[in-house]
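One file, protein25.pdb, is given below (PDB, C-alpha atoms).
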```
ATOM      1  CA  MET A   1      40.581  -2.132  16.094
ATOM      2  CA  THR A   2      38.502  -4.980  14.743
ATOM      3  CA  GLN A   3      36.024  -4.396  11.950
ATOM      4  CA  SER A   4      32.924  -6.429  11.404
ATOM      5  CA  ALA A   5      32.490  -7.992   8.001
ATOM      6  CA  GLY A   6      30.251  -5.929   5.781
ATOM      7  CA  THR A   7      31.306  -2.507   7.075
ATOM      8  CA  LEU A   8      32.862  -0.549   4.240
ATOM      9  CA  GLU A   9      35.078   2.303   5.350
ATOM     10  CA  VAL A  10      37.517   4.619   3.622
ATOM     11  CA  VAL A  11      40.635   5.422   5.634
ATOM     12  CA  ASP A  12      44.130   6.819   5.194
ATOM     13  CA  GLY A  13      46.279   4.169   3.589
ATOM     14  CA  ASP A  14      49.856   3.354   2.696
ATOM     15  CA  PRO A  15      50.685   2.495  -0.938
ATOM     16  CA  ARG A  16      53.363   0.129   0.407
ATOM     17  CA  ASP A  17      50.851  -1.936   2.392
ATOM     18  CA  PRO A  18      50.779  -5.340   0.632
ATOM     19  CA  GLN A  19      47.046  -5.206  -0.130
ATOM     20  CA  ALA A  20      47.275  -1.639  -1.468
ATOM     21  CA  THR A  21      50.387  -2.499  -3.481
ATOM     22  CA  ALA A  22      48.561  -5.456  -5.042
ATOM     23  CA  LEU A  23      45.682  -3.179  -6.114
ATOM     24  CA  LEU A  24      48.077  -0.607  -7.555
ATOM     25  CA  GLN A  25      49.968  -3.292  -9.457
ATOM     26  CA  ALA A  26      46.686  -4.644 -10.848
ATOM     27  CA  SER A  27      45.712  -1.129 -11.925
ATOM     28  CA  HIS A  28      49.079  -0.529 -13.591
ATOM     29  CA  ALA A  29      48.871  -3.876 -15.418
ATOM     30  CA  LEU A  30      45.379  -3.052 -16.697
ATOM     31  CA  MET A  31      46.450   0.400 -17.913
ATOM     32  CA  GLN A  32      49.439  -1.132 -19.709
ATOM     33  CA  THR A  33      47.136  -3.518 -21.594
ATOM     34  CA  LEU A  34      44.789  -0.690 -22.636
ATOM     35  CA  PHE A  35      47.141   2.196 -23.420
ATOM     36  CA  SER A  36      50.591   2.769 -24.863
ATOM     37  CA  LYS A  37      53.489   3.650 -22.572
ATOM     38  CA  GLU A  38      53.310   7.294 -23.695
ATOM     39  CA  GLU A  39      49.614   7.408 -22.841
ATOM     40  CA  ASN A  40      49.991   5.996 -19.310
ATOM     41  CA  HIS A  41      50.187   8.614 -16.584
ATOM     42  CA  PHE A  42      49.946   6.509 -13.433
ATOM     43  CA  LEU A  43      52.241   7.205 -10.494
ATOM     44  CA  SER A  44      54.648   4.595  -9.188
ATOM     45  CA  ILE A  45      54.214   3.343  -5.651
ATOM     46  CA  ASP A  46      57.205   5.459  -4.573
ATOM     47  CA  GLU A  47      55.699   8.542  -6.246
ATOM     48  CA  LEU A  48      52.506   7.980  -4.244
ATOM     49  CA  CYS A  49      54.526   8.120  -0.990
ATOM     50  CA  THR A  50      55.270  11.855  -1.027
ATOM     51  CA  PRO A  51      54.019  14.602   1.311
ATOM     52  CA  ALA A  52      51.915  16.235  -1.454
ATOM     53  CA  ILE A  53      49.809  13.083  -1.837
ATOM     54  CA  GLN A  54      47.072  11.738   0.403
ATOM     55  CA  PHE A  55      46.355   8.057  -0.221
ATOM     56  CA  PHE A  56      43.102   6.409   0.790
ATOM     57  CA  VAL A  57      41.905   2.817   0.836
ATOM     58  CA  ALA A  58      38.446   1.320   1.067
ATOM     59  CA  ARG A  59      38.313  -1.637   3.418
ATOM     60  CA  GLU A  60      35.695  -4.148   4.366
ATOM     61  CA  GLY A  61      36.275  -6.897   6.878
ATOM     62  CA  GLY A  62      40.042  -6.455   6.795
ATOM     63  CA  GLN A  63      40.214  -6.610   2.977
ATOM     64  CA  THR A  64      41.386  -3.635   0.918
ATOM     65  CA  LEU A  65      38.893  -3.331  -1.944
ATOM     66  CA  GLY A  66      39.900  -0.047  -3.536
ATOM     67  CA  CYS A  67      42.275   2.870  -3.455
ATOM     68  CA  VAL A  68      42.666   6.432  -4.639
ATOM     69  CA  ALA A  69      45.162   9.258  -4.243
ATOM     70  CA  LEU A  70      44.749  13.020  -3.998
ATOM     71  CA  ALA A  71      47.740  14.998  -5.254
ATOM     72  CA  ASP A  72      47.868  18.590  -3.992
ATOM     73  CA  LYS A  73      48.904  20.629  -7.015
ATOM     74  CA  GLY A  74      48.711  23.989  -5.232
ATOM     75  CA  GLY A  75      45.187  25.324  -5.578
ATOM     76  CA  TYR A  76      43.703  22.258  -7.208
ATOM     77  CA  GLY A  77      43.825  18.578  -6.440
ATOM     78  CA  GLU A  78      44.460  15.840  -8.957
ATOM     79  CA  ILE A  79      42.859  12.427  -8.612
ATOM     80  CA  LYS A  80      45.361   9.617  -9.167
ATOM     81  CA  SER A  81      45.385   5.830  -8.794
ATOM     82  CA  MET A  82      41.617   5.280  -8.556
ATOM     83  CA  PHE A  83      41.092   1.524  -8.661
ATOM     84  CA  VAL A  84      38.590  -0.955  -7.274
ATOM     85  CA  ALA A  85      39.273  -4.690  -7.206
ATOM     86  CA  PRO A  86      37.208  -6.391  -9.930
ATOM     87  CA  GLU A  87      35.459  -8.641  -7.399
ATOM     88  CA  ALA A  88      34.356  -5.587  -5.377
ATOM     89  CA  ARG A  89      32.832  -3.592  -8.236
ATOM     90  CA  GLY A  90      29.157  -2.758  -7.953
ATOM     91  CA  LYS A  91      29.306  -2.487  -4.139
ATOM     92  CA  GLY A  92      29.644   1.307  -3.968
ATOM     93  CA  VAL A  93      33.381   1.261  -3.210
ATOM     94  CA  ALA A  94      34.270   3.836  -5.866
ATOM     95  CA  HIS A  95      31.490   6.169  -4.702
ATOM     96  CA  LYS A  96      32.789   6.023  -1.119
ATOM     97  CA  LEU A  97      36.327   6.755  -2.354
ATOM     98  CA  MET A  98      35.024   9.752  -4.335
ATOM     99  CA  GLN A  99      33.177  11.087  -1.274
ATOM    100  CA  LYS A 100      36.376  10.839   0.778
ATOM    101  CA  LEU A 101      38.380  12.599  -1.957
ATOM    102  CA  ASP A 102      35.902  15.455  -2.162
ATOM    103  CA  ALA A 103      35.945  15.940   1.612
ATOM    104  CA  ALA A 104      39.761  15.747   1.777
ATOM    105  CA  ALA A 105      40.155  18.270  -1.048
ATOM    106  CA  ARG A 106      37.750  20.711   0.583
ATOM    107  CA  ASN A 107      39.470  20.216   3.955
ATOM    108  CA  ALA A 108      42.812  21.040   2.296
ATOM    109  CA  GLY A 109      41.360  24.269   0.893
ATOM    110  CA  LEU A 110      41.616  23.163  -2.732
ATOM    111  CA  THR A 111      39.340  25.036  -5.150
ATOM    112  CA  SER A 112      38.868  22.261  -7.687
ATOM    113  CA  LEU A 113      39.571  18.639  -8.491
ATOM    114  CA  LYS A 114      40.980  17.535 -11.849
ATOM    115  CA  LEU A 115      41.803  14.200 -13.409
ATOM    116  CA  GLU A 116      43.085  12.512 -16.518
ATOM    117  CA  THR A 117      41.583   9.191 -17.485
ATOM    118  CA  GLY A 118      41.625   6.947 -20.501
ATOM    119  CA  ASP A 119      39.021   7.098 -23.238
ATOM    120  CA  LYS A 120      38.365   3.325 -22.912
ATOM    121  CA  LEU A 121      37.352   3.538 -19.235
ATOM    122  CA  SER A 122      33.629   4.238 -19.664
ATOM    123  CA  GLU A 123      32.717   3.089 -16.145
ATOM    124  CA  ALA A 124      35.188   5.617 -14.731
ATOM    125  CA  HIS A 125      33.715   8.392 -16.895
ATOM    126  CA  ALA A 126      30.237   7.600 -15.558
ATOM    127  CA  LEU A 127      31.513   7.571 -11.973
ATOM    128  CA  TYR A 128      33.201  10.948 -12.303
ATOM    129  CA  ARG A 129      30.181  12.521 -14.010
ATOM    130  CA  ALA A 130      27.939  11.164 -11.231
ATOM    131  CA  HIS A 131      30.154  13.065  -8.783
ATOM    132  CA  GLY A 132      29.844  16.385 -10.607
ATOM    133  CA  PHE A 133      32.832  16.266 -12.953
ATOM    134  CA  ALA A 134      32.720  17.794 -16.439
ATOM    135  CA  ASP A 135      35.065  17.533 -19.395
ATOM    136  CA  CYS A 136      37.882  20.057 -19.702
ATOM    137  CA  GLY A 137      41.107  20.486 -21.611
ATOM    138  CA  PRO A 138      44.579  19.287 -20.612
ATOM    139  CA  PHE A 139      46.016  20.774 -17.413
ATOM    140  CA  GLY A 140      49.365  20.817 -15.638
ATOM    141  CA  SER A 141      51.991  19.029 -17.730
ATOM    142  CA  TYR A 142      49.474  16.911 -19.678
ATOM    143  CA  GLU A 143      49.212  17.269 -23.433
ATOM    144  CA  ALA A 144      46.227  16.377 -25.556
ATOM    145  CA  ASN A 145      46.480  12.909 -27.089
ATOM    146  CA  SER A 146      44.213  10.370 -28.740
ATOM    147  CA  SER A 147      43.358   8.463 -25.551
ATOM    148  CA  SER A 148      43.166  10.963 -22.669
ATOM    149  CA  LEU A 149      39.998  12.459 -21.280
ATOM    150  CA  PHE A 150      40.393  15.376 -18.861
ATOM    151  CA  MET A 151      37.764  16.305 -16.287
ATOM    152  CA  TYR A 152      37.324  18.839 -13.490
ATOM    153  CA  LYS A 153      35.010  19.718 -10.626
ATOM    154  CA  ASP A 154      34.756  23.155  -9.043
ATOM    155  CA  LEU A 155      34.763  23.009  -5.231
ATOM    156  CA  THR A 156      34.010  26.695  -4.559
TER     157      THR A 156
END
```
Using structure tokens, write down the structure from this file.
Amino acid sequence: MTQSAGTLEVVDGDPRDPQATALLQASHALMQTLFSKEENHFLSIDELCTPAIQFFVAREGGQTLGCVALADKGGYGEIKSMFVAPEARGKGVAHKLMQKLDAAARNAGLTSLKLETGDKLSEAHALYRAHGFADCGPFGSYEANSSSLFMYKDLT
């Protein structure tokens, strides 16, 4: 199927697709410059290729501009690997990814969405708050630390 340039769509993706892999590697590199190893909680590409994870990409004109993963944690979903290529920021890519995540989580019968993000990622905080997320405490296997911010959104 051919896409016209300028049509942004969010579709199921494969973390091993070269364009998606490049975005994930860029995200990992950025996180490693901002946070210590102990404070980085990103998933490897192999970890993103498991049945409990849905992976989505935002594409426009054949270019992958962003990605995000939804990890089914049994009752709630965790947002992982949200990243938009620097040159694509400000085009609404992250908002489209968030809309897809919300719909996928509801479709899977999840009751809430949760995430962990870094304290230095103010644009991400604003994005999540714009989509109805509020601060919460650590969840799952996370522990409180000096750089993590935890957020949730009730889907019921």
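Minimum atom-to-atom distances from A:Ser27, A:Thr50, A:Gln32, A:Thr156 to Leu113 (chain A) were compared using all atoms listed in the file, and the lowest value belongs to A:Thr156.
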Can you list, as a PDB file with C-alpha atoms, in the coordinates of the input, the residues that the PyMOL selection byres ((chain A and resi 146-152) around 7) selects here?
```
ATOM      1  CA  GLU A  39      49.614   7.408 -22.841  1.00  0.00           C
ATOM      2  CA  SER A 112      38.868  22.261  -7.687  1.00  0.00           C
ATOM      3  CA  LEU A 113      39.571  18.639  -8.491  1.00  0.00           C
ATOM      4  CA  LYS A 114      40.980  17.535 -11.849  1.00  0.00           C
ATOM      5  CA  LEU A 115      41.803  14.200 -13.409  1.00  0.00           C
ATOM      6  CA  GLU A 116      43.085  12.512 -16.518  1.00  0.00           C
ATOM      7  CA  THR A 117      41.583   9.191 -17.485  1.00  0.00           C
ATOM      8  CA  GLY A 118      41.625   6.947 -20.501  1.00  0.00           C
ATOM      9  CA  ASP A 119      39.021   7.098 -23.238  1.00  0.00           C
ATOM     10  CA  PHE A 133      32.832  16.266 -12.953  1.00  0.00           C
ATOM     11  CA  ALA A 134      32.720  17.794 -16.439  1.00  0.00           C
ATOM     12  CA  ASP A 135      35.065  17.533 -19.395  1.00  0.00           C
ATOM     13  CA  CYS A 136      37.882  20.057 -19.702  1.00  0.00           C
ATOM     14  CA  GLY A 137      41.107  20.486 -21.611  1.00  0.00           C
ATOM     15  CA  PRO A 138      44.579  19.287 -20.612  1.00  0.00           C
ATOM     16  CA  ALA A 144      46.227  16.377 -25.556  1.00  0.00           C
ATOM     17  CA  ASN A 145      46.480  12.909 -27.089  1.00  0.00           C
ATOM     18  CA  LYS A 153      35.010  19.718 -10.626  1.00  0.00           C
ATOM     19  CA  ASP A 154      34.756  23.155  -9.043  1.00  0.00           C
TER      20      ASP A 154
END
```
Test item: axis-aligned box, all listed atoms of region 48-67 of chain A, 6 Å on each side, centre and edges in Å rounded to one decimal, as AutoDock Vina command-line options:
```
--center_x 45.5 --center_y 4.7 --center_z 1.3 --size_x 31.6 --size_y 35.1 --size_z 23.1
```
Give as a ChimeraX atom specification the residues that the PyMOL selection byres ((chain A and resi 15) around 9) matches when applied to the coordinates above.
/A:13-14,16-21,24,45-46,48-49,55-57,67
Could the residues in this selection be saved with C-alpha atoms as a PDB file, in the frame of the given file?
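Heads up, here's the output in result-v9.pdb:
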```
ATOM      1  CA  GLY A  13      46.279   4.169   3.589  1.00  0.00           C
ATOM      2  CA  ASP A  14      49.856   3.354   2.696  1.00  0.00           C
ATOM      3  CA  ARG A  16      53.363   0.129   0.407  1.00  0.00           C
ATOM      4  CA  ASP A  17      50.851  -1.936   2.392  1.00  0.00           C
ATOM      5  CA  PRO A  18      50.779  -5.340   0.632  1.00  0.00           C
ATOM      6  CA  GLN A  19      47.046  -5.206  -0.130  1.00  0.00           C
ATOM      7  CA  ALA A  20      47.275  -1.639  -1.468  1.00  0.00           C
ATOM      8  CA  THR A  21      50.387  -2.499  -3.481  1.00  0.00           C
ATOM      9  CA  LEU A  24      48.077  -0.607  -7.555  1.00  0.00           C
ATOM     10  CA  ILE A  45      54.214   3.343  -5.651  1.00  0.00           C
ATOM     11  CA  ASP A  46      57.205   5.459  -4.573  1.00  0.00           C
ATOM     12  CA  LEU A  48      52.506   7.980  -4.244  1.00  0.00           C
ATOM     13  CA  CYS A  49      54.526   8.120  -0.990  1.00  0.00           C
ATOM     14  CA  PHE A  55      46.355   8.057  -0.221  1.00  0.00           C
ATOM     15  CA  PHE A  56      43.102   6.409   0.790  1.00  0.00           C
ATOM     16  CA  VAL A  57      41.905   2.817   0.836  1.00  0.00           C
ATOM     17  CA  CYS A  67      42.275   2.870  -3.455  1.00  0.00           C
TER      18      CYS A  67
END
```
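Among the candidates A:Ala26, A:Leu97, A:Leu34, A:Ala88, the one nearest to Val11 (chain A) when counting only C-alpha atoms is A:Leu97.
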Nearest to Leu110 (chain A): which of A:Leu155, A:Leu23, A:Leu65, A:Ile53 is it, counting all atoms listed in the file?
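Of A:Leu155, A:Leu23, A:Leu65, A:Ile53, the one nearest Leu110 (chain A), counting all atoms listed in the file, is A:Leu155.
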Between CA of Ala104 (chain A) and CA of Ala85 (chain A), measure the distance and give it in Å to one decimal.
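These atoms are spaced 22.3 Å apart.
Evaluated against the shown file, the PyMOL selection byres ((chain A and resi 5-9) around 12) gives Thr2, Gln3, Ser4, Val10, Val11, Asp12, Gly13, Phe56, Val57, Ala58, Arg59, Glu60, Gly61, Gly62, Gln63, Thr64, Leu65, Gly66, Cys67, Ala88, Lys91, Gly92, Val93, Ala94, His95, Lys96, Leu97, Gln99 and Lys100 of chain A.
Taking CA of Gly90 (chain A) and CA of Ala126 (chain A) as endpoints, the distance between them is 12.9 Å.
Among A:Gly77, A:Ala52, A:Asp72, A:Glu143, the residue with the shortest atom-to-atom distance to Glu38 (chain A), counting only C-alpha atoms, is A:Glu143.
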Using only C-alpha atoms, the shortest atom-to-atom distance to Gly140 (chain A) among A:Phe83, A:Tyr128, A:Phe42, A:Tyr76 belongs to A:Tyr76
Would you work out the distance separating CA of Ala105 (chain A) from CA of Phe35 (chain A), expressed in Å to one decimal?
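So the answer is 28.4 Å.
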Check the smallest atom-to-atom distance from each of A:Ala71, A:Leu43, A:Ala124, A:Ala108 to Val84 (chain A) using all atoms listed in the file, then report the winner.
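Closest to Val84 (chain A), using all atoms listed in the file: A:Ala124.
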